[in-house]
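Worksheet: the structure to be examined is printed underneath.
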Amino acid sequence: MQLDPNTNVAKDARILIVDDEARNISTISQILGRAGYAICISITDPAEALAKFADVQPDLLLLDWHMEPLSGLEFIQELKTRVAPDDMPPVLVLTADNSPETRREALAVGATDFLSKPLDASEVLLRMRNLLQIRQLHTRLQAGRHELETQVRERTNELEQALAELHGVQQQVIQQERLRALGAMAAGVAHDFNNSLMIIRGYSDMFTRQPQNYDDPEKVREAFKTISAAAGNAADTVNRLREFYRPYKKGEEDRRPVELNALVREAVQLTRPKWETQPQARGLTIQTTTHLDTEVPRVSAAASEIREVMMNLIFNAVDAMPQGGQIKVSTGVDEGYAYFTVEDNGTGMTEETRRHCLEPFFSTKGDRGTGLGLAIVFGIVSRHGGLIRINTEINQGTEITILLPVAVSAEEPEAEAAPGALRQSLNVLIVDDQPEIRYVLSSYLEHDAHTVVTAENGADALEKFRAGTFDLVITDRAMPKMNGDQLATAIKEIAPREPVILLTAFADSERHVRDIDLMLSKPASLRMIRQAIGKVMAGERN
């Protein structure tokens, strides 16, 4: 509908005239025809007009008030049930009844304007022009709104897609930074691991090639204690690496009260290859000390993320001391915040570097750095509602303090009692494809007076389970013919309440499996196995 620029009248407007008197329609049609309105639809039956309304789609409705079989009042009431408010055209009531009551009734039910018969042609046209202008503005507003909504939806989709892509890139960047850190630790980790293996292999060779050593029980006992300690150190190295490289998953941020002191100890141990082993290989010494406040409260945090912050800061401190030096990691409390500080006596930063060091891709390390370490630190600390303080001076070292809000709950976790042997004797089915592991597990359990049956794979175990009666199943995961997950599912179908422990060497052993009651990582000590058995027999799951 377009307004004539000369007359300001919409010549192409669709006008519906509803009046049960043909002569009234003829009079109105003549007025409109002389004024140049080309599209006028006249209907004398109001019921028919309602039926055809959707097809006509008028821009203006001229409506009589006293009609049969529907009055103007009933016509508008019924029309409003069929037409959305935004699609309702303006209604001009034309009636011989000029009583105030009728006028109020018409306007109250939804009529836009009201004129009394006999009609003044000029007034009719002026009222129509005003209503059509309002209709045109309303139509334009609707079209503009729809266009804007479309643009907003399209833009929102674009932004959501861009955000998803940005999140993906961010995760890749974080993983790359973590891989870079892992690469920096690799040589030192290999050093520590090989030292443990050297002890194990050395003692094993010594007793294999010198049988006379068996004649000295004390020497045998001490040798095995040393081998056990070395194996424990190797297992600790693997566990630390697993904690370091555990992938983050969207929506899995685990916030719970954590102890900063414990995280500091873990971070210092995890980074030991970087600050101790590798520098020593170059003839350098970096001394790392901890000063931990025993009264520091717990903070609500994702432990793996805060540990990564600590490690990043320690890595940076090492890089800032190319000739060796000292690192001090401390904890404390400051006005409602618990904090940890990493301080070095290295090269320090200029004021310009300090201002930009938290920005992504800003680096003073050249090809040795990505410029993402401190940016990742800043992102993690910000998500935790924390603060970063940086004190530094060129050639005088750097001190970076991370302040984190204290956890609302300050309850201390209950101390876990050291597990002893289970008092009741159990019938246990042990499943592992390696005979040496079956032997070790059998020895553990038989030492605690349990009865043990072994199987070398899942299929063999399922047959023995069907043929016997067992209180507990301990199974490996990766096995031929039927793996541990499949075996657990098959067992639960036979005996839904049968406890099943999955003992696995896989690094992702914390992944939840539906039919597993408890997952335990290899290598597992007798103490760990006792503890696991106690939990599942008490009905606990992880």
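By convention here, the chains of the structure tokens are called A, B, ... in the order presented, each chain's residues are numbered starting at 1, and ligands are numbered starting at 1 in the order presented.
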Report as a list of chain:residue names: the residues of region 17-244 of chain A with a DSSP assignment of strand (DSSP E or B), based on the backbone of this structure.
-> A:Ile17, A:Val18, A:Ile39, A:Cys40, A:Ile41, A:Ser42, A:Ile43, A:Leu60, A:Leu61, A:Leu62, A:Leu63, A:Val91, A:Leu92, A:Val93, A:Leu94, A:Thr95, A:Asp113, A:Phe114, A:Leu115, A:Ser116
Residues near region 329-346 of chain A, cut-off 8 Å, only C-alpha atoms, skip fewer than 2 positions along chain, as a ChimeraX atom specification = /A:260-261,264,288-293,295-299,310,313-314,317,320-322,325-327,348,395-406
As a PyMOL selection string, list the residues of region 41-238 of chain A assigned to helix (DSSP H, G or I) by DSSP on the backbone atoms of this structure.
-> chain A and resi 46-56+72-82+85-87+100-109+121-209+211-215+217-238
Any idea what's packed within 12 Å of Tyr444 (chain A), counting only C-alpha atoms, ignoring anything in its chain fewer than 3 positions away? Could you give it as a count of residues only?
-> 22
